[in-house]
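The structure under discussion appears below in the form of structure tokens.
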Amino acid sequence: MADAAPGGFEPATGDGPPPAHGAAAAKARAAEVRTAYEGLLTMRRILGGGAAAAEAPEPLPGPAPWERQRMPRAVALVLEAAGFAPSALDAAGGRAATGYRVLAGEGPERVEVSWVGPPGGGAAGAEEERLSACAEVLGRHGWECLLYRGPRRRRFLEVEPRR
């Protein structure tokens, strides 16, 4: 499920392999995500002095410097921790699963989130609803999200730190 990274945890950006099968693998991945997400919240609490939980009534403080330097990774971690499914690629590089995909954006401090999947998998029909849900979660985490329509009329989110 995670995009491959030697020697450590990487949140799933949607361009990695499909998740490992089995309950034990899913449980191990969930524990890794939870630990990384708790680290992100702790870092924000220390650096920002704000709320420590995404369910807090107030939005979390804006992204910490670490997140701004690694925006695709930080945004992917928030989405994966919130329970959104990432897309995935098969061994041939084709889409193997429907879900979010996080890429560096066209400008500095910008990330694009799209909802993609295999041909005929229904991603296009679900993208507005799923991306709106992603935007809600990201907004609570201090990210500014704008929904756009791009090439082939497919929607995507442009995400940047709240100013």
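Residues are referred to by chain and number: the chain letter is A, B, ... according to the order shown in the structure tokens, the number counts from 1 in that chain, and ligands are numbered separately from 1 in the order shown.
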List every residue of segment 1-161 of chain A that DSSP, applied to the backbone of this structure, assigns to strand (DSSP E or B), and report them as a PyMOL selection string. chain A and resi 86+88-89+95-97+99-104+111-116+143-149+155-161
Could you build a table of the residues in segment 64-149 of chain A lying no more than 12 Å from segment 21-29 of chain A, giving for each the nearest pair of atoms and their separation in Å rounded to one decimal place, using only C-alpha atoms, ordered by chain and ascending residue number, as a Markdown table?
| residue | atom | partner | partner_atom | distance |
| --- | --- | --- | --- | --- |
| A:Glu80 | CA | A:Arg29 | CA | 10.3 |
| A:Ala81 | CA | A:Arg29 | CA | 10.5 |
| A:Gly83 | CA | A:Arg29 | CA | 11.9 |
With only C-alpha atoms as the atoms that count, which of A:Pro108, A:Gly62, A:Val78, A:Ala124 lies nearest to Glu38 of chain A?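 Between A:Pro108, A:Gly62, A:Val78, A:Ala124, the residue approaching Glu38 of chain A most closely is A:Val78.
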I want to know what sits within 12 Å of Ala74 of chain A, based on only C-alpha atoms, with residues of the same chain fewer than 3 positions away left out; could you give that as a PyMOL selection string? chain A and resi 10-13+33+36-37+39-41+44+62-71+77-81+102-104+109-111+138+141-143+159-161
As a check of understanding: the span from atom CA of Pro19 of chain A to atom CA of Val113 of chain A is 19.5 Å
Skipping near chain neighbours, those fewer than 6 positions away, what residues fall within 10 Å of Ala133 of chain A using only C-alpha atoms, listed as a list in words?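 Counting only the stated atoms, we get Leu79, Phe84, Glu127 and Gly139 of chain A.
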Go ahead and save the picked residues with N, CA and C atoms, as an mmCIF file, in the first residue's frame.
data_model
loop_
_atom_site.group_PDB
_atom_site.id
_atom_site.type_symbol
_atom_site.label_atom_id
_atom_site.label_comp_id
_atom_site.auth_asym_id
_atom_site.auth_seq_id
_atom_site.Cartn_x
_atom_site.Cartn_y
_atom_site.Cartn_z
ATOM 1 N N LEU A 79 -4.682 11.971 4.368
ATOM 2 C CA LEU A 79 -5.744 11.231 3.672
ATOM 3 C C LEU A 79 -5.765 9.766 4.072
ATOM 4 N N PHE A 84 -9.177 7.200 3.773
ATOM 5 C CA PHE A 84 -9.399 7.200 2.326
ATOM 6 C C PHE A 84 -8.503 6.143 1.692
ATOM 7 N N GLU A 127 -15.682 11.037 -8.334
ATOM 8 C CA GLU A 127 -14.610 11.972 -7.988
ATOM 9 C C GLU A 127 -15.094 13.232 -7.264
ATOM 10 N N GLY A 139 -9.026 20.404 4.994
ATOM 11 C CA GLY A 139 -9.330 21.722 5.538
ATOM 12 C C GLY A 139 -9.229 21.761 7.051
#
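Using only C-alpha atoms for every distance, the candidate list A:Asp15, A:Glu128, A:Glu144, A:Glu158 yields A:Asp15 as the residue closest to Pro86 of chain A.
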Between A:Glu106, A:Arg155, A:Leu146, A:Val137, single out the one closest to Ala76 of chain A, counting only C-alpha atoms.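 For Ala76 of chain A, the nearest of the given residues is A:Val137.
Picture a line from atom CA of Pro119 of chain A to atom CA of Arg101 of chain A; it runs 15.2 Å.
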Atom pair atom CA of Ala88 of chain A / atom CA of Val116 of chain A: separation (Å):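 Between atom CA of Ala88 of chain A and atom CA of Val116 of chain A the gap is 9.1 Å.
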Write out as a list in words which residues come within 6 Å of Ser87 of chain A when counting only C-alpha atoms, dropping same-chain ones fewer than 2 positions away.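 Final neighbour list, sorted by chain and number: Gly14, Ala97, Thr98, Gly99 and Tyr100 of chain A.
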The selected residues should be written to file as a PDB file, in the first residue's frame (atoms: all heavy atoms).
ATOM      1  N   GLY A  14      -0.836   6.908  -3.942  1.00  0.00           N
ATOM      2  CA  GLY A  14      -1.704   6.459  -5.023  1.00  0.00           C
ATOM      3  C   GLY A  14      -0.937   6.005  -6.244  1.00  0.00           C
ATOM      4  O   GLY A  14      -1.527   5.568  -7.222  1.00  0.00           O
ATOM      5  N   ALA A  97      -6.295   0.064  -8.652  1.00  0.00           N
ATOM      6  CA  ALA A  97      -7.280   0.338  -7.599  1.00  0.00           C
ATOM      7  C   ALA A  97      -7.768   1.772  -7.723  1.00  0.00           C
ATOM      8  O   ALA A  97      -7.025   2.657  -8.155  1.00  0.00           O
ATOM      9  CB  ALA A  97      -6.659   0.115  -6.224  1.00  0.00           C
ATOM     10  N   THR A  98      -8.992   1.987  -7.309  1.00  0.00           N
ATOM     11  CA  THR A  98      -9.580   3.321  -7.314  1.00  0.00           C
ATOM     12  C   THR A  98      -9.331   3.982  -5.972  1.00  0.00           C
ATOM     13  O   THR A  98      -9.514   3.360  -4.923  1.00  0.00           O
ATOM     14  CB  THR A  98     -11.096   3.240  -7.586  1.00  0.00           C
ATOM     15  OG1 THR A  98     -11.279   2.670  -8.876  1.00  0.00           O
ATOM     16  CG2 THR A  98     -11.744   4.610  -7.539  1.00  0.00           C
ATOM     17  N   GLY A  99      -8.914   5.247  -6.023  1.00  0.00           N
ATOM     18  CA  GLY A  99      -8.692   6.000  -4.797  1.00  0.00           C
ATOM     19  C   GLY A  99      -8.008   7.320  -5.087  1.00  0.00           C
ATOM     20  O   GLY A  99      -7.920   7.745  -6.237  1.00  0.00           O
ATOM     21  N   TYR A 100      -7.498   7.932  -4.032  1.00  0.00           N
ATOM     22  CA  TYR A 100      -6.839   9.224  -4.194  1.00  0.00           C
ATOM     23  C   TYR A 100      -5.447   9.046  -4.794  1.00  0.00           C
ATOM     24  O   TYR A 100      -4.814   7.997  -4.658  1.00  0.00           O
ATOM     25  CB  TYR A 100      -6.752   9.984  -2.866  1.00  0.00           C
ATOM     26  CG  TYR A 100      -5.843   9.356  -1.837  1.00  0.00           C
ATOM     27  CD1 TYR A 100      -4.463   9.569  -1.884  1.00  0.00           C
ATOM     28  CD2 TYR A 100      -6.352   8.566  -0.820  1.00  0.00           C
ATOM     29  CE1 TYR A 100      -3.617   8.999  -0.953  1.00  0.00           C
ATOM     30  CE2 TYR A 100      -5.518   7.991   0.116  1.00  0.00           C
ATOM     31  CZ  TYR A 100      -4.152   8.211   0.043  1.00  0.00           C
ATOM     32  OH  TYR A 100      -3.311   7.633   0.963  1.00  0.00           O
TER      33      TYR A 100
END
Set the distance at 7 Å and use only C-alpha atoms: which residues neighbour Ala96 of chain A once local chain neighbours fewer than 3 positions away are removed? I'd like the list as a VMD selection string. chain A and resid 18 88 to 90 117 to 118
For the residues selected in the previous step, produce a file with all heavy atoms as a PDB file, in the first residue's frame.
ATOM      1  N   PRO A  18      -0.364  -2.165  -5.097  1.00  0.00           N
ATOM      2  CA  PRO A  18      -1.562  -2.465  -4.294  1.00  0.00           C
ATOM      3  C   PRO A  18      -1.154  -2.909  -2.893  1.00  0.00           C
ATOM      4  O   PRO A  18      -0.029  -3.376  -2.688  1.00  0.00           O
ATOM      5  CB  PRO A  18      -2.232  -3.608  -5.055  1.00  0.00           C
ATOM      6  CG  PRO A  18      -1.679  -3.534  -6.436  1.00  0.00           C
ATOM      7  CD  PRO A  18      -0.287  -2.987  -6.295  1.00  0.00           C
ATOM      8  N   ALA A  88      -3.679   2.646  -6.758  1.00  0.00           N
ATOM      9  CA  ALA A  88      -2.462   1.825  -6.796  1.00  0.00           C
ATOM     10  C   ALA A  88      -2.167   1.465  -8.239  1.00  0.00           C
ATOM     11  O   ALA A  88      -3.045   1.542  -9.109  1.00  0.00           O
ATOM     12  CB  ALA A  88      -2.648   0.564  -5.957  1.00  0.00           C
ATOM     13  N   LEU A  89      -0.914   1.090  -8.465  1.00  0.00           N
ATOM     14  CA  LEU A  89      -0.476   0.672  -9.793  1.00  0.00           C
ATOM     15  C   LEU A  89      -0.116  -0.808  -9.782  1.00  0.00           C
ATOM     16  O   LEU A  89       0.446  -1.305  -8.804  1.00  0.00           O
ATOM     17  CB  LEU A  89       0.759   1.483 -10.222  1.00  0.00           C
ATOM     18  CG  LEU A  89       0.580   2.993 -10.335  1.00  0.00           C
ATOM     19  CD1 LEU A  89       1.922   3.656 -10.627  1.00  0.00           C
ATOM     20  CD2 LEU A  89      -0.431   3.325 -11.420  1.00  0.00           C
ATOM     21  N   ASP A  90      -0.426  -1.494 -10.892  1.00  0.00           N
ATOM     22  CA  ASP A  90      -0.004  -2.882 -11.005  1.00  0.00           C
ATOM     23  C   ASP A  90       1.445  -2.930 -11.493  1.00  0.00           C
ATOM     24  O   ASP A  90       2.068  -1.894 -11.731  1.00  0.00           O
ATOM     25  CB  ASP A  90      -0.946  -3.678 -11.912  1.00  0.00           C
ATOM     26  CG  ASP A  90      -1.017  -3.149 -13.333  1.00  0.00           C
ATOM     27  OD1 ASP A  90      -0.065  -2.462 -13.785  1.00  0.00           O
ATOM     28  OD2 ASP A  90      -2.020  -3.432 -14.011  1.00  0.00           O
ATOM     29  N   GLY A 117      -8.665   5.640 -10.995  1.00  0.00           N
ATOM     30  CA  GLY A 117      -8.814   4.197 -10.899  1.00  0.00           C
ATOM     31  C   GLY A 117      -8.651   3.548 -12.250  1.00  0.00           C
ATOM     32  O   GLY A 117      -8.393   4.222 -13.255  1.00  0.00           O
ATOM     33  N   PRO A 118      -8.808   2.240 -12.293  1.00  0.00           N
ATOM     34  CA  PRO A 118      -8.680   1.530 -13.571  1.00  0.00           C
ATOM     35  C   PRO A 118      -9.773   1.955 -14.543  1.00  0.00           C
ATOM     36  O   PRO A 118     -10.857   2.382 -14.125  1.00  0.00           O
ATOM     37  CB  PRO A 118      -8.851   0.058 -13.193  1.00  0.00           C
ATOM     38  CG  PRO A 118      -9.014  -0.009 -11.730  1.00  0.00           C
ATOM     39  CD  PRO A 118      -9.129   1.368 -11.187  1.00  0.00           C
TER      40      PRO A 118
END
Check the smallest atom-to-atom distance from each of A:Arg153, A:Arg140, A:Arg95, A:Arg162 to Gly125 of chain A using only C-alpha atoms, then report the winner.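 Of the candidates, the smallest distance to Gly125 of chain A is held by A:Arg153.
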Can you tell me, as an MDAnalysis selection string, which residues in segment 6-153 of chain A count as helix (DSSP H, G or I) by DSSP? chainID A and resid 23:48 65:69 71:81 123:140 151:153
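Of the residues listed (A:Gly105, A:Tyr148, A:Phe9, A:Leu157), A:Phe9 shows the shortest atom-to-atom separation from Glu32 of chain A; distances use only C-alpha atoms.
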